[in-house]
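All remarks here apply to the structure that follows.
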Amino acid sequence: MTSWQARALIARMWLGRNKKFYADPATMRAALARHQAPERARPPRRVAAAFDIARQTIDGHDVHTLAPEGGPTSPWHVFHMHGGGFVESPEPHHWHFAARMVARLGCTYTMPMYPLAPQYDHRVIVPMVEHAYDRVTAATSPRHRIVFGDSAGGTLALTLARHLRERGQPQPAALALFSPWIDLATDDSLSLALDDRDPELGVTGLKQAGRWYAGRRALDDPEISPAFADLTELAPAIVFIGHRDILLPDARRIKELGDAAGVPVELREYPGMFHNWIMKNIPEARQATDELLHFLQTVERRTENDRPHDR
């Protein structure tokens with residue numbers, strides 16, 4: 001049963017017209033400056049005051065790394081590619097989710113402020129993300145690297161993992177994907193049917209954002225949409241999705257691809273939940289976070305007994 005806190009939040013999203021940014025391409029373009037505002041690409045004051053935060057510049061873009069005051073107490077390093085349709089800087093919930101993860105895990109946690117569409121497309125976005133991953137995780141054993149991706153960050157996470165495989169580099173210990181967007185055409189019949197129930201995303205706006213990210217490449221190119229890629233030999237993954245989210249078929253597609261490739265994928269579907277609910281302050285988010293941490297602890301125990309994963 002959906003909690004009253006979640007129902008109240010959904011109602012506020014509808015009343016606040018959260019969906020309007022993704023309503024149509026013209027609305028999106030008109031609001032880009034606000035959604036790409038520089039202050040959104042910096043940790044909020046409350047987060048900055050509570051954690052040690054290091055900033056470095058990679059390929060001309062900031063990369064922020066959070067750690068507990070006094071240093072990490074865990075060897076894990078989380079590398080999180082935020083969502084926002086490739087056109088938005090992080091929202092406050094991204095930073096607060098990072099803060100909660102660092103507080104609970106005692107880990108190091110990095111978020112790259114990658115270049116955004118439509119000024120840039122995949123030809124610039126993907127290399128910057130991968131350069132950032134290589135640099136910031138260089139001192140961390142692959143068995144202690146965790147890759148997170150939410151929404152559009154799900155495409156970046158799977159693309160990063162595939163490129164590591166293609167280059168013969170080790171996989172991270174695990175992938176965690178939250179409301180992932182991996183078919184940039186966004187034309188699945190279930191997505192279209194859910195459009196009127198999703199209080200956050202809209203099919204039409206996402207289609208435009210996907211086109212900007214793809215540039216001149218086809219949307220069904222595996223380099224653009226991991227929904228058409230081979231996940232063989234990728235790290236085990238956990239995927240969270242809600243039944244109000246137009247990206248529900250994308251999450252299910254990851255499970256299908258994992259099964260076909262022999263890659264363990266845990267799919268957690270939450271009835272009544274919306275896009276990226278795991279990052280909100282509601283009971284369902286706390287439950288999903290506990291499931292995420294249990295998954296990561298299971299992966300850690302497995303990799304401790306499987307040292308060849310470090311090769």
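A note on labels: chains of the structure tokens are A, B, ... as shown, every chain counts residues from 1, and ligands are counted from 1 in their shown order.
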Skip Ile254 in chain A itself and residues of its chain fewer than 2 positions away, then list as a ChimeraX atom specification all residues within 9 Å of it, counting only C-alpha atoms. /A:180,182,226-227,231,239,249-252,256-259,265,267
Save out the residues we just selected, N, CA, C and O atoms, as a PDB file, in the first residue's frame.
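Written output follows (out_28.pdb):
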ATOM      1  N   PRO A 180      16.012   3.976 -14.422  1.00  0.00           N
ATOM      2  CA  PRO A 180      16.927   4.191 -15.549  1.00  0.00           C
ATOM      3  C   PRO A 180      16.211   4.426 -16.870  1.00  0.00           C
ATOM      4  O   PRO A 180      15.188   3.809 -17.167  1.00  0.00           O
ATOM      5  N   ILE A 182      17.011   3.969 -20.688  1.00  0.00           N
ATOM      6  CA  ILE A 182      18.014   3.326 -21.546  1.00  0.00           C
ATOM      7  C   ILE A 182      17.544   3.152 -22.988  1.00  0.00           C
ATOM      8  O   ILE A 182      18.327   2.732 -23.833  1.00  0.00           O
ATOM      9  N   PRO A 226      21.368   1.817 -24.460  1.00  0.00           N
ATOM     10  CA  PRO A 226      21.786   0.484 -23.997  1.00  0.00           C
ATOM     11  C   PRO A 226      20.687  -0.567 -24.048  1.00  0.00           C
ATOM     12  O   PRO A 226      20.976  -1.751 -23.873  1.00  0.00           O
ATOM     13  N   ALA A 227      19.447  -0.159 -24.292  1.00  0.00           N
ATOM     14  CA  ALA A 227      18.373  -1.141 -24.461  1.00  0.00           C
ATOM     15  C   ALA A 227      18.662  -2.094 -25.615  1.00  0.00           C
ATOM     16  O   ALA A 227      18.070  -3.181 -25.680  1.00  0.00           O
ATOM     17  N   LEU A 231      24.975  -6.996 -22.679  1.00  0.00           N
ATOM     18  CA  LEU A 231      25.477  -6.778 -21.319  1.00  0.00           C
ATOM     19  C   LEU A 231      26.394  -7.905 -20.831  1.00  0.00           C
ATOM     20  O   LEU A 231      26.726  -7.965 -19.653  1.00  0.00           O
ATOM     21  N   VAL A 239      18.172  -2.818  -9.916  1.00  0.00           N
ATOM     22  CA  VAL A 239      17.410  -1.785 -10.621  1.00  0.00           C
ATOM     23  C   VAL A 239      16.137  -1.505  -9.830  1.00  0.00           C
ATOM     24  O   VAL A 239      15.402  -2.432  -9.469  1.00  0.00           O
ATOM     25  N   PRO A 249       9.255   0.244 -18.681  1.00  0.00           N
ATOM     26  CA  PRO A 249       9.749  -0.763 -19.642  1.00  0.00           C
ATOM     27  C   PRO A 249      11.271  -0.772 -19.774  1.00  0.00           C
ATOM     28  O   PRO A 249      11.861  -1.813 -20.064  1.00  0.00           O
ATOM     29  N   ASP A 250      11.911   0.367 -19.545  1.00  0.00           N
ATOM     30  CA  ASP A 250      13.380   0.416 -19.610  1.00  0.00           C
ATOM     31  C   ASP A 250      13.984  -0.445 -18.507  1.00  0.00           C
ATOM     32  O   ASP A 250      14.950  -1.194 -18.730  1.00  0.00           O
ATOM     33  N   ALA A 251      13.449  -0.328 -17.288  1.00  0.00           N
ATOM     34  CA  ALA A 251      13.951  -1.124 -16.175  1.00  0.00           C
ATOM     35  C   ALA A 251      13.754  -2.616 -16.438  1.00  0.00           C
ATOM     36  O   ALA A 251      14.654  -3.433 -16.195  1.00  0.00           O
ATOM     37  N   ARG A 252      12.586  -2.964 -16.950  1.00  0.00           N
ATOM     38  CA  ARG A 252      12.329  -4.373 -17.252  1.00  0.00           C
ATOM     39  C   ARG A 252      13.239  -4.871 -18.368  1.00  0.00           C
ATOM     40  O   ARG A 252      13.634  -6.042 -18.388  1.00  0.00           O
ATOM     41  N   GLU A 256      15.763  -8.204 -18.706  1.00  0.00           N
ATOM     42  CA  GLU A 256      15.763  -9.114 -19.858  1.00  0.00           C
ATOM     43  C   GLU A 256      17.166  -9.248 -20.449  1.00  0.00           C
ATOM     44  O   GLU A 256      17.619 -10.352 -20.776  1.00  0.00           O
ATOM     45  N   LEU A 257      17.857  -8.123 -20.598  1.00  0.00           N
ATOM     46  CA  LEU A 257      19.202  -8.147 -21.162  1.00  0.00           C
ATOM     47  C   LEU A 257      20.172  -8.886 -20.243  1.00  0.00           C
ATOM     48  O   LEU A 257      21.050  -9.622 -20.714  1.00  0.00           O
ATOM     49  N   GLY A 258      20.017  -8.672 -18.942  1.00  0.00           N
ATOM     50  CA  GLY A 258      20.878  -9.378 -18.001  1.00  0.00           C
ATOM     51  C   GLY A 258      20.652 -10.875 -18.058  1.00  0.00           C
ATOM     52  O   GLY A 258      21.618 -11.656 -18.074  1.00  0.00           O
ATOM     53  N   ASP A 259      19.390 -11.293 -18.102  1.00  0.00           N
ATOM     54  CA  ASP A 259      19.096 -12.722 -18.188  1.00  0.00           C
ATOM     55  C   ASP A 259      19.692 -13.320 -19.461  1.00  0.00           C
ATOM     56  O   ASP A 259      20.259 -14.423 -19.434  1.00  0.00           O
ATOM     57  N   VAL A 265      20.806  -9.581 -12.449  1.00  0.00           N
ATOM     58  CA  VAL A 265      20.104  -8.296 -12.334  1.00  0.00           C
ATOM     59  C   VAL A 265      18.928  -8.481 -11.394  1.00  0.00           C
ATOM     60  O   VAL A 265      18.048  -9.308 -11.647  1.00  0.00           O
ATOM     61  N   LEU A 267      15.664  -6.850 -10.067  1.00  0.00           N
ATOM     62  CA  LEU A 267      14.700  -5.809 -10.435  1.00  0.00           C
ATOM     63  C   LEU A 267      13.712  -5.622  -9.297  1.00  0.00           C
ATOM     64  O   LEU A 267      13.015  -6.552  -8.904  1.00  0.00           O
TER      65      LEU A 267
END
Please provide as a compact mmCIF listing (two decimals) with N, CA and C atoms, in the first residue's frame all residues within 12 Å of Met28 in chain A, with the sequence filter that same-chain residues fewer than 2 positions apart are discarded (counting only C-alpha atoms).
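Saved to selection.txt:
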# COMPACT_ATOMS: atom_id res chain seq x y z
N ASN A 18 5.17 19.71 -11.86
CA ASN A 18 6.54 19.21 -12.05
C ASN A 18 6.77 18.70 -13.46
N LYS A 19 5.71 18.19 -14.07
CA LYS A 19 5.82 17.54 -15.37
C LYS A 19 6.01 18.54 -16.52
N LYS A 20 5.78 19.82 -16.27
CA LYS A 20 5.73 20.78 -17.38
C LYS A 20 7.05 20.88 -18.13
N PHE A 21 8.20 20.67 -17.43
CA PHE A 21 9.49 20.77 -18.12
C PHE A 21 9.60 19.74 -19.24
N TYR A 22 9.03 18.56 -19.02
CA TYR A 22 9.08 17.50 -20.03
C TYR A 22 7.80 17.42 -20.86
N ALA A 23 6.98 18.48 -20.79
CA ALA A 23 5.72 18.45 -21.52
C ALA A 23 5.91 18.54 -23.02
N ASP A 24 6.80 19.41 -23.47
CA ASP A 24 7.06 19.53 -24.90
C ASP A 24 8.41 20.21 -25.11
N PRO A 25 9.02 20.04 -26.29
CA PRO A 25 10.36 20.56 -26.54
C PRO A 25 10.47 22.07 -26.35
N ALA A 26 9.43 22.82 -26.73
CA ALA A 26 9.50 24.28 -26.60
C ALA A 26 9.59 24.69 -25.13
N ALA A 30 12.84 26.56 -23.36
CA ALA A 30 12.66 27.85 -22.69
C ALA A 30 13.15 27.82 -21.26
N ALA A 31 13.13 26.66 -20.62
CA ALA A 31 13.51 26.55 -19.21
C ALA A 31 14.92 26.02 -19.01
N LEU A 32 15.66 25.81 -20.07
CA LEU A 32 16.99 25.19 -19.93
C LEU A 32 17.91 25.99 -19.02
N ALA A 33 17.92 27.31 -19.15
CA ALA A 33 18.86 28.11 -18.36
C ALA A 33 18.64 27.88 -16.87
N ARG A 34 17.39 27.80 -16.45
CA ARG A 34 17.10 27.58 -15.03
C ARG A 34 17.50 26.17 -14.60
N HIS A 35 17.29 25.19 -15.44
CA HIS A 35 17.59 23.81 -15.08
C HIS A 35 19.08 23.49 -15.21
N GLN A 36 19.82 24.36 -15.87
CA GLN A 36 21.26 24.19 -15.97
C GLN A 36 22.01 25.26 -15.18
N GLY A 84 18.35 13.54 -15.27
CA GLY A 84 17.89 14.85 -15.73
C GLY A 84 17.85 14.93 -17.24
N GLY A 85 17.67 13.78 -17.91
CA GLY A 85 17.49 13.79 -19.35
C GLY A 85 18.67 14.31 -20.14
N PHE A 86 19.86 14.29 -19.56
CA PHE A 86 21.07 14.86 -20.17
C PHE A 86 20.99 16.38 -20.32
N VAL A 87 19.91 17.00 -19.82
CA VAL A 87 19.73 18.44 -20.01
C VAL A 87 19.65 19.21 -18.69
N GLU A 88 19.69 18.49 -17.56
CA GLU A 88 19.55 19.14 -16.26
C GLU A 88 20.75 18.87 -15.37
N ALA A 117 23.28 18.53 -22.72
CA ALA A 117 22.62 18.80 -24.00
C ALA A 117 21.70 20.01 -23.82
N PRO A 118 21.36 20.69 -24.89
CA PRO A 118 21.71 20.43 -26.29
C PRO A 118 23.05 21.01 -26.73
N LEU A 201 7.72 12.92 -15.38
CA LEU A 201 8.29 12.86 -16.72
C LEU A 201 7.19 12.89 -17.78
N GLY A 202 7.59 13.32 -18.99
CA GLY A 202 6.69 13.30 -20.14
C GLY A 202 7.40 12.70 -21.34
N THR A 204 7.05 13.23 -24.58
CA THR A 204 7.43 14.14 -25.66
C THR A 204 8.73 14.87 -25.36
N GLY A 205 8.87 15.38 -24.14
CA GLY A 205 10.09 16.07 -23.79
C GLY A 205 11.30 15.15 -23.74
N LEU A 206 11.10 13.94 -23.22
CA LEU A 206 12.21 12.98 -23.19
C LEU A 206 12.67 12.62 -24.59
N LYS A 207 11.73 12.48 -25.51
CA LYS A 207 12.12 12.20 -26.90
C LYS A 207 13.06 13.28 -27.44
N GLN A 208 12.74 14.54 -27.16
CA GLN A 208 13.60 15.63 -27.63
C GLN A 208 14.97 15.56 -26.96
N ALA A 209 15.00 15.33 -25.67
CA ALA A 209 16.27 15.24 -24.96
C ALA A 209 17.11 14.09 -25.50
N TRP A 212 18.69 15.13 -28.76
CA TRP A 212 19.84 16.02 -28.55
C TRP A 212 21.08 15.22 -28.14
Counting only C-alpha atoms, which residues in range 73-134 of chain A sit no more than 12 Å from range 153-162 of chain A? For each one, give the nearest pair of atoms and the distance in Å, sorted by chain then residue number, as JSON lines.
{"residue": "A:Val78", "atom": "CA", "partner": "A:Ala157", "partner_atom": "CA", "distance": 11.8}
{"residue": "A:Phe79", "atom": "CA", "partner": "A:Ala157", "partner_atom": "CA", "distance": 9.2}
{"residue": "A:His80", "atom": "CA", "partner": "A:Gly153", "partner_atom": "CA", "distance": 7.8}
{"residue": "A:Met81", "atom": "CA", "partner": "A:Gly153", "partner_atom": "CA", "distance": 4.7}
{"residue": "A:His82", "atom": "CA", "partner": "A:Gly153", "partner_atom": "CA", "distance": 5.1}
{"residue": "A:Gly83", "atom": "CA", "partner": "A:Gly153", "partner_atom": "CA", "distance": 4.8}
{"residue": "A:Gly84", "atom": "CA", "partner": "A:Gly153", "partner_atom": "CA", "distance": 8.0}
{"residue": "A:Gly85", "atom": "CA", "partner": "A:Gly153", "partner_atom": "CA", "distance": 8.3}
{"residue": "A:Phe86", "atom": "CA", "partner": "A:Gly153", "partner_atom": "CA", "distance": 8.0}
{"residue": "A:Val87", "atom": "CA", "partner": "A:Gly153", "partner_atom": "CA", "distance": 11.3}
{"residue": "A:Glu88", "atom": "CA", "partner": "A:Gly153", "partner_atom": "CA", "distance": 11.2}
{"residue": "A:Ser89", "atom": "CA", "partner": "A:Gly153", "partner_atom": "CA", "distance": 11.5}
{"residue": "A:Pro90", "atom": "CA", "partner": "A:Gly153", "partner_atom": "CA", "distance": 10.8}
{"residue": "A:His94", "atom": "CA", "partner": "A:Gly153", "partner_atom": "CA", "distance": 11.6}
{"residue": "A:Met111", "atom": "CA", "partner": "A:Gly153", "partner_atom": "CA", "distance": 10.7}
{"residue": "A:Pro112", "atom": "CA", "partner": "A:Gly153", "partner_atom": "CA", "distance": 10.7}
{"residue": "A:Met113", "atom": "CA", "partner": "A:Gly153", "partner_atom": "CA", "distance": 11.4}
{"residue": "A:Tyr114", "atom": "CA", "partner": "A:Gly153", "partner_atom": "CA", "distance": 10.3}
{"residue": "A:Leu116", "atom": "CA", "partner": "A:Gly153", "partner_atom": "CA", "distance": 11.9}
{"residue": "A:His122", "atom": "CA", "partner": "A:Leu156", "partner_atom": "CA", "distance": 9.4}
{"residue": "A:Ile125", "atom": "CA", "partner": "A:Leu156", "partner_atom": "CA", "distance": 8.8}
{"residue": "A:Val126", "atom": "CA", "partner": "A:Leu156", "partner_atom": "CA", "distance": 6.9}
{"residue": "A:Pro127", "atom": "CA", "partner": "A:Leu160", "partner_atom": "CA", "distance": 9.2}
{"residue": "A:Met128", "atom": "CA", "partner": "A:Leu156", "partner_atom": "CA", "distance": 10.7}
{"residue": "A:Val129", "atom": "CA", "partner": "A:Leu156", "partner_atom": "CA", "distance": 7.9}
{"residue": "A:Glu130", "atom": "CA", "partner": "A:Leu160", "partner_atom": "CA", "distance": 6.4}
{"residue": "A:His131", "atom": "CA", "partner": "A:Leu160", "partner_atom": "CA", "distance": 10.2}
{"residue": "A:Ala132", "atom": "CA", "partner": "A:Leu160", "partner_atom": "CA", "distance": 10.9}
{"residue": "A:Tyr133", "atom": "CA", "partner": "A:Leu160", "partner_atom": "CA", "distance": 8.7}
{"residue": "A:Asp134", "atom": "CA", "partner": "A:Leu160", "partner_atom": "CA", "distance": 10.3}
Could you pull out all residues of range 26-255 of chain A with a DSSP call of helix (DSSP H, G or I) and give them as a ChimeraX atom specification? /A:26-35,38-41,45-50,92-105,122-136,142-144,152-166,189-194,203-214,226-228,248-255
Pairwise distance, CA of Tyr270 in chain A with CA of Trp76 in chain A, equals 27.1 Å
